[in-house]
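Written out below as structure tokens is the structure these notes cover.
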Amino acid sequence: MAFNSILLRKLGSFARPLAVAGRLMKKTHPGYFTAINQLNHKPSLDPLVPRLHFSSVASSKNMPTSDENLLRVIESEIDCAQETDDHGAVEEVPSNFPFKIVDSAGQQTIILERTYQGEEIKVEVHMPDLVTGEENDDGNDDDDNESERASQSSIPLSVSVSKKGGPFLEFSCVAYPDEIVIDTLSVKNPDLAEDQIPYEGPDFQDLDEGLQKSFHRYLEIRGIKPSTTNFLHEYMINKDSREYLVWLKKLRNFVGA
């Protein structure tokens, strides 16, 4: 499948976890350990040589040694990030892609927009949840759909369909390889008072099977289909790569200031 080939190709050069928080210390790139080893391997000190000689860099910058060490590790991580194959990659949008992409630097989501037969359709796309296959490699052959999805990478989507500023439909979806799952469906009223709690409807999976299939077709006609989400998966991996590098540079600037 196209989605899986994209994932396998990207994971070869993009092996870090997607969660930004905690990535710095969880990174297992060889360059990270090289930096750590360099910090831990200090030459033996001659008792006749003043110790100030070895801390002169930190002292001259008025920077604690721990901050200087952290800065070196961040610099090493920046070098590793810049060496990845997808660094700075920009995905070419397919000619038949039905949406306008609004991608703001520094944000972890993008917005898709389009007009369809008088309807305004907006999609909020989040960073993908990558799965390498090792997490669920327990040797069991389970054909259950939930088990299969748990072992696949996915992208969370929030889809809204509105007509002339009135009530609108809001779908919460998860896109898997060649499959889109609708988790929730609700009717939103923008004029509803804040202290009112609207009825959200039943769980989507509790709806009649025919009704579920009809709403899947409803979204597909409006452009929410596997050919769209498979492209978005690769697009969001590249965006995460760019945002991660910018984030690292901000860390470097703050620690080194």
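Scheme for the structure tokens: letters A, B, ... for chains in order shown; per-chain residue numbers from 1; ligand numbers from 1 in order shown.
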
Excluding Glu120 in chain A and residues on its chain fewer than 3 positions from it, collect all residues at most 9 Å away from it, counting only C-alpha atoms, and give them as a ChimeraX atom specification.
/A:113-117,160-164

Write the residues of the preceding selection, restricted to N, CA and C atoms, as an mmCIF file, in the first residue's frame.
data_model
loop_
_atom_site.group_PDB
_atom_site.id
_atom_site.type_symbol
_atom_site.label_atom_id
_atom_site.label_comp_id
_atom_site.auth_asym_id
_atom_site.auth_seq_id
_atom_site.Cartn_x
_atom_site.Cartn_y
_atom_site.Cartn_z
ATOM 1 N N GLU A 113 -8.798 23.565 3.590
ATOM 2 C CA GLU A 113 -10.024 24.296 3.316
ATOM 3 C C GLU A 113 -10.482 24.047 1.881
ATOM 4 N N ARG A 114 -11.789 23.977 1.705
ATOM 5 C CA ARG A 114 -12.353 23.909 0.370
ATOM 6 C C ARG A 114 -13.844 24.246 0.433
ATOM 7 N N THR A 115 -14.391 24.608 -0.721
ATOM 8 C CA THR A 115 -15.828 24.836 -0.861
ATOM 9 C C THR A 115 -16.385 23.754 -1.774
ATOM 10 N N TYR A 116 -17.494 23.141 -1.345
ATOM 11 C CA TYR A 116 -18.110 22.072 -2.129
ATOM 12 C C TYR A 116 -19.616 22.293 -2.182
ATOM 13 N N GLN A 117 -20.105 22.655 -3.344
ATOM 14 C CA GLN A 117 -21.538 22.866 -3.565
ATOM 15 C C GLN A 117 -22.164 23.746 -2.477
ATOM 16 N N SER A 160 -15.052 19.676 9.751
ATOM 17 C CA SER A 160 -16.307 20.409 9.929
ATOM 18 C C SER A 160 -16.893 20.744 8.567
ATOM 19 N N VAL A 161 -18.221 20.604 8.463
ATOM 20 C CA VAL A 161 -18.949 20.917 7.231
ATOM 21 C C VAL A 161 -20.060 21.883 7.598
ATOM 22 N N SER A 162 -20.016 23.101 7.053
ATOM 23 C CA SER A 162 -20.992 24.130 7.407
ATOM 24 C C SER A 162 -21.698 24.665 6.165
ATOM 25 N N LYS A 163 -22.889 25.225 6.399
ATOM 26 C CA LYS A 163 -23.689 25.818 5.334
ATOM 27 C C LYS A 163 -24.169 27.200 5.768
ATOM 28 N N LYS A 164 -23.673 28.238 5.120
ATOM 29 C CA LYS A 164 -24.148 29.619 5.300
ATOM 30 C C LYS A 164 -24.173 30.063 6.752
#

Could you give me, as number ranges by chain, the residues within 7 Å of range 242-252 of chain A, counting only C-alpha atoms and dropping anything in the same chain fewer than 3 positions from it?
A: 71, 74, 78, 81, 87-88, 106, 238-239, 255-256

Please produce a file of those selected residues containing N, CA, C and O atoms, as a PDB file, in the first residue's frame.
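What landed in selection_7.pdb:
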ATOM      1  N   LEU A  71      24.192  22.483  26.314  1.00  0.00           N
ATOM      2  CA  LEU A  71      24.307  23.180  25.040  1.00  0.00           C
ATOM      3  C   LEU A  71      25.034  22.324  24.007  1.00  0.00           C
ATOM      4  O   LEU A  71      24.663  22.297  22.827  1.00  0.00           O
ATOM      5  N   ILE A  74      22.642  19.690  22.745  1.00  0.00           N
ATOM      6  CA  ILE A  74      21.666  20.286  21.824  1.00  0.00           C
ATOM      7  C   ILE A  74      22.306  20.519  20.465  1.00  0.00           C
ATOM      8  O   ILE A  74      21.695  20.246  19.414  1.00  0.00           O
ATOM      9  N   ILE A  78      21.096  18.983  16.889  1.00  0.00           N
ATOM     10  CA  ILE A  78      20.826  19.808  15.711  1.00  0.00           C
ATOM     11  C   ILE A  78      21.565  19.250  14.495  1.00  0.00           C
ATOM     12  O   ILE A  78      21.004  19.155  13.396  1.00  0.00           O
ATOM     13  N   ALA A  81      19.724  16.216  13.303  1.00  0.00           N
ATOM     14  CA  ALA A  81      18.470  16.550  12.636  1.00  0.00           C
ATOM     15  C   ALA A  81      18.713  17.091  11.238  1.00  0.00           C
ATOM     16  O   ALA A  81      17.935  16.839  10.312  1.00  0.00           O
ATOM     17  N   HIS A  87      15.121  16.330   5.934  1.00  0.00           N
ATOM     18  CA  HIS A  87      15.309  17.693   6.423  1.00  0.00           C
ATOM     19  C   HIS A  87      15.050  18.695   5.296  1.00  0.00           C
ATOM     20  O   HIS A  87      15.656  18.636   4.229  1.00  0.00           O
ATOM     21  N   GLY A  88      14.141  19.612   5.532  1.00  0.00           N
ATOM     22  CA  GLY A  88      13.838  20.647   4.550  1.00  0.00           C
ATOM     23  C   GLY A  88      13.030  20.172   3.364  1.00  0.00           C
ATOM     24  O   GLY A  88      12.812  20.927   2.418  1.00  0.00           O
ATOM     25  N   GLY A 106       5.572  26.860  13.084  1.00  0.00           N
ATOM     26  CA  GLY A 106       5.501  26.862  14.539  1.00  0.00           C
ATOM     27  C   GLY A 106       4.267  26.191  15.106  1.00  0.00           C
ATOM     28  O   GLY A 106       4.145  26.059  16.325  1.00  0.00           O
ATOM     29  N   ASN A 238       7.175  15.365   7.292  1.00  0.00           N
ATOM     30  CA  ASN A 238       8.139  16.382   6.890  1.00  0.00           C
ATOM     31  C   ASN A 238       7.973  17.665   7.700  1.00  0.00           C
ATOM     32  O   ASN A 238       8.943  18.322   8.069  1.00  0.00           O
ATOM     33  N   LYS A 239       6.725  18.010   7.983  1.00  0.00           N
ATOM     34  CA  LYS A 239       6.482  19.211   8.800  1.00  0.00           C
ATOM     35  C   LYS A 239       7.054  19.019  10.197  1.00  0.00           C
ATOM     36  O   LYS A 239       7.694  19.933  10.737  1.00  0.00           O
ATOM     37  N   VAL A 255      19.345  28.537  26.003  1.00  0.00           N
ATOM     38  CA  VAL A 255      20.359  28.026  26.932  1.00  0.00           C
ATOM     39  C   VAL A 255      21.675  28.783  26.768  1.00  0.00           C
ATOM     40  O   VAL A 255      22.390  29.062  27.731  1.00  0.00           O
ATOM     41  N   GLY A 256      21.999  29.145  25.518  1.00  0.00           N
ATOM     42  CA  GLY A 256      23.273  29.819  25.268  1.00  0.00           C
ATOM     43  C   GLY A 256      23.253  31.308  25.477  1.00  0.00           C
ATOM     44  O   GLY A 256      24.295  31.955  25.375  1.00  0.00           O
TER      45      GLY A 256
END

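Residue nearest Lys188 in chain A within the list A:Asp203, A:Ala175, A:Pro167, A:Asp208: A:Pro167 [criterion: smallest interatomic distance, only C-alpha atoms].
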
I'd like the contact shell of Ser186 in chain A - 6 Å cut-off, only C-alpha atoms, skipping same-chain residues fewer than 4 positions apart - returned as a ChimeraX atom specification.
/A:169-170,200

In Å, rounded to a single decimal, give me how far CA of Ile180 in chain A is from CA of His216 in chain A.
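Atom-to-atom, CA of His216 in chain A to CA of Ile180 in chain A, that is 8.1 Å.
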
Pick from A:Leu70, A:Met127, A:Phe97, A:Glu92 nearest to Ile237 in chain A, counting only C-alpha atoms:
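Once distances to Ile237 in chain A are computed over only C-alpha atoms, the minimum belongs to A:Met127.
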
Nearest residue to Arg149 in chain A from the set A:Ala257, A:Val125, A:Cys173, A:Val181 (distances using only C-alpha atoms)
A:Val181

Run DSSP on the backbone and grab whatever in range 164-238 of chain A lands in strand (DSSP E); send it over as a PyMOL selection string.
chain A and resi 168-176+179-188

Convert the current residue selection to file output with N, CA, C and O atoms, as a PDB file, in the first residue's frame.
ATOM      1  N   PHE A 168     -23.437  23.289  11.971  1.00  0.00           N
ATOM      2  CA  PHE A 168     -22.502  22.554  11.129  1.00  0.00           C
ATOM      3  C   PHE A 168     -22.238  21.175  11.725  1.00  0.00           C
ATOM      4  O   PHE A 168     -22.443  20.942  12.925  1.00  0.00           O
ATOM      5  N   LEU A 169     -21.794  20.269  10.863  1.00  0.00           N
ATOM      6  CA  LEU A 169     -21.425  18.925  11.302  1.00  0.00           C
ATOM      7  C   LEU A 169     -19.950  18.909  11.667  1.00  0.00           C
ATOM      8  O   LEU A 169     -19.126  19.521  10.985  1.00  0.00           O
ATOM      9  N   GLU A 170     -19.635  18.186  12.707  1.00  0.00           N
ATOM     10  CA  GLU A 170     -18.242  18.036  13.102  1.00  0.00           C
ATOM     11  C   GLU A 170     -17.937  16.555  13.295  1.00  0.00           C
ATOM     12  O   GLU A 170     -18.595  15.862  14.066  1.00  0.00           O
ATOM     13  N   PHE A 171     -16.931  16.077  12.561  1.00  0.00           N
ATOM     14  CA  PHE A 171     -16.498  14.683  12.629  1.00  0.00           C
ATOM     15  C   PHE A 171     -15.125  14.618  13.289  1.00  0.00           C
ATOM     16  O   PHE A 171     -14.238  15.395  12.954  1.00  0.00           O
ATOM     17  N   SER A 172     -14.960  13.678  14.184  1.00  0.00           N
ATOM     18  CA  SER A 172     -13.643  13.353  14.721  1.00  0.00           C
ATOM     19  C   SER A 172     -13.224  12.024  14.103  1.00  0.00           C
ATOM     20  O   SER A 172     -13.910  11.008  14.289  1.00  0.00           O
ATOM     21  N   CYS A 173     -12.123  12.042  13.346  1.00  0.00           N
ATOM     22  CA  CYS A 173     -11.720  10.866  12.581  1.00  0.00           C
ATOM     23  C   CYS A 173     -10.273  10.495  12.873  1.00  0.00           C
ATOM     24  O   CYS A 173      -9.491  11.309  13.360  1.00  0.00           O
ATOM     25  N   VAL A 174      -9.938   9.272  12.530  1.00  0.00           N
ATOM     26  CA  VAL A 174      -8.559   8.803  12.548  1.00  0.00           C
ATOM     27  C   VAL A 174      -8.296   8.114  11.222  1.00  0.00           C
ATOM     28  O   VAL A 174      -9.038   7.207  10.831  1.00  0.00           O
ATOM     29  N   ALA A 175      -7.256   8.568  10.514  1.00  0.00           N
ATOM     30  CA  ALA A 175      -6.914   8.002   9.209  1.00  0.00           C
ATOM     31  C   ALA A 175      -5.806   6.970   9.374  1.00  0.00           C
ATOM     32  O   ALA A 175      -4.713   7.282   9.833  1.00  0.00           O
ATOM     33  N   TYR A 176      -6.097   5.738   8.984  1.00  0.00           N
ATOM     34  CA  TYR A 176      -5.133   4.641   8.954  1.00  0.00           C
ATOM     35  C   TYR A 176      -4.756   4.367   7.495  1.00  0.00           C
ATOM     36  O   TYR A 176      -5.318   4.968   6.575  1.00  0.00           O
ATOM     37  N   GLU A 179      -7.642   3.572   5.081  1.00  0.00           N
ATOM     38  CA  GLU A 179      -8.901   3.462   5.825  1.00  0.00           C
ATOM     39  C   GLU A 179      -9.079   4.694   6.710  1.00  0.00           C
ATOM     40  O   GLU A 179      -8.129   5.182   7.313  1.00  0.00           O
ATOM     41  N   ILE A 180     -10.316   5.171   6.773  1.00  0.00           N
ATOM     42  CA  ILE A 180     -10.644   6.300   7.643  1.00  0.00           C
ATOM     43  C   ILE A 180     -11.740   5.856   8.606  1.00  0.00           C
ATOM     44  O   ILE A 180     -12.787   5.364   8.192  1.00  0.00           O
ATOM     45  N   VAL A 181     -11.481   6.032   9.893  1.00  0.00           N
ATOM     46  CA  VAL A 181     -12.425   5.636  10.931  1.00  0.00           C
ATOM     47  C   VAL A 181     -13.054   6.895  11.526  1.00  0.00           C
ATOM     48  O   VAL A 181     -12.343   7.833  11.899  1.00  0.00           O
ATOM     49  N   ILE A 182     -14.359   6.925  11.587  1.00  0.00           N
ATOM     50  CA  ILE A 182     -15.077   8.028  12.230  1.00  0.00           C
ATOM     51  C   ILE A 182     -15.330   7.644  13.682  1.00  0.00           C
ATOM     52  O   ILE A 182     -15.989   6.646  13.961  1.00  0.00           O
ATOM     53  N   ASP A 183     -14.809   8.431  14.596  1.00  0.00           N
ATOM     54  CA  ASP A 183     -15.005   8.162  16.021  1.00  0.00           C
ATOM     55  C   ASP A 183     -16.276   8.815  16.548  1.00  0.00           C
ATOM     56  O   ASP A 183     -17.052   8.199  17.275  1.00  0.00           O
ATOM     57  N   THR A 184     -16.461  10.093  16.204  1.00  0.00           N
ATOM     58  CA  THR A 184     -17.639  10.816  16.699  1.00  0.00           C
ATOM     59  C   THR A 184     -18.228  11.687  15.604  1.00  0.00           C
ATOM     60  O   THR A 184     -17.534  12.102  14.667  1.00  0.00           O
ATOM     61  N   LEU A 185     -19.510  11.953  15.718  1.00  0.00           N
ATOM     62  CA  LEU A 185     -20.232  12.862  14.819  1.00  0.00           C
ATOM     63  C   LEU A 185     -21.194  13.679  15.660  1.00  0.00           C
ATOM     64  O   LEU A 185     -21.954  13.125  16.464  1.00  0.00           O
ATOM     65  N   SER A 186     -21.145  14.988  15.509  1.00  0.00           N
ATOM     66  CA  SER A 186     -22.041  15.853  16.266  1.00  0.00           C
ATOM     67  C   SER A 186     -22.513  17.006  15.409  1.00  0.00           C
ATOM     68  O   SER A 186     -21.882  17.374  14.413  1.00  0.00           O
ATOM     69  N   VAL A 187     -23.653  17.577  15.803  1.00  0.00           N
ATOM     70  CA  VAL A 187     -24.200  18.760  15.140  1.00  0.00           C
ATOM     71  C   VAL A 187     -23.933  19.954  16.047  1.00  0.00           C
ATOM     72  O   VAL A 187     -24.412  20.002  17.188  1.00  0.00           O
ATOM     73  N   LYS A 188     -23.165  20.908  15.563  1.00  0.00           N
ATOM     74  CA  LYS A 188     -22.773  22.063  16.357  1.00  0.00           C
ATOM     75  C   LYS A 188     -23.616  23.270  15.984  1.00  0.00           C
ATOM     76  O   LYS A 188     -23.889  23.519  14.804  1.00  0.00           O
TER      77      LYS A 188
END

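Taking CA of Glu209 in chain A and CA of Glu124 in chain A as endpoints, the distance between them is 26.3 Å.
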
As a PyMOL selection string, please: every residue in range 162-238 of chain A that a backbone DSSP assignment puts in alpha helix (DSSP H).
chain A and resi 209-221+226-238
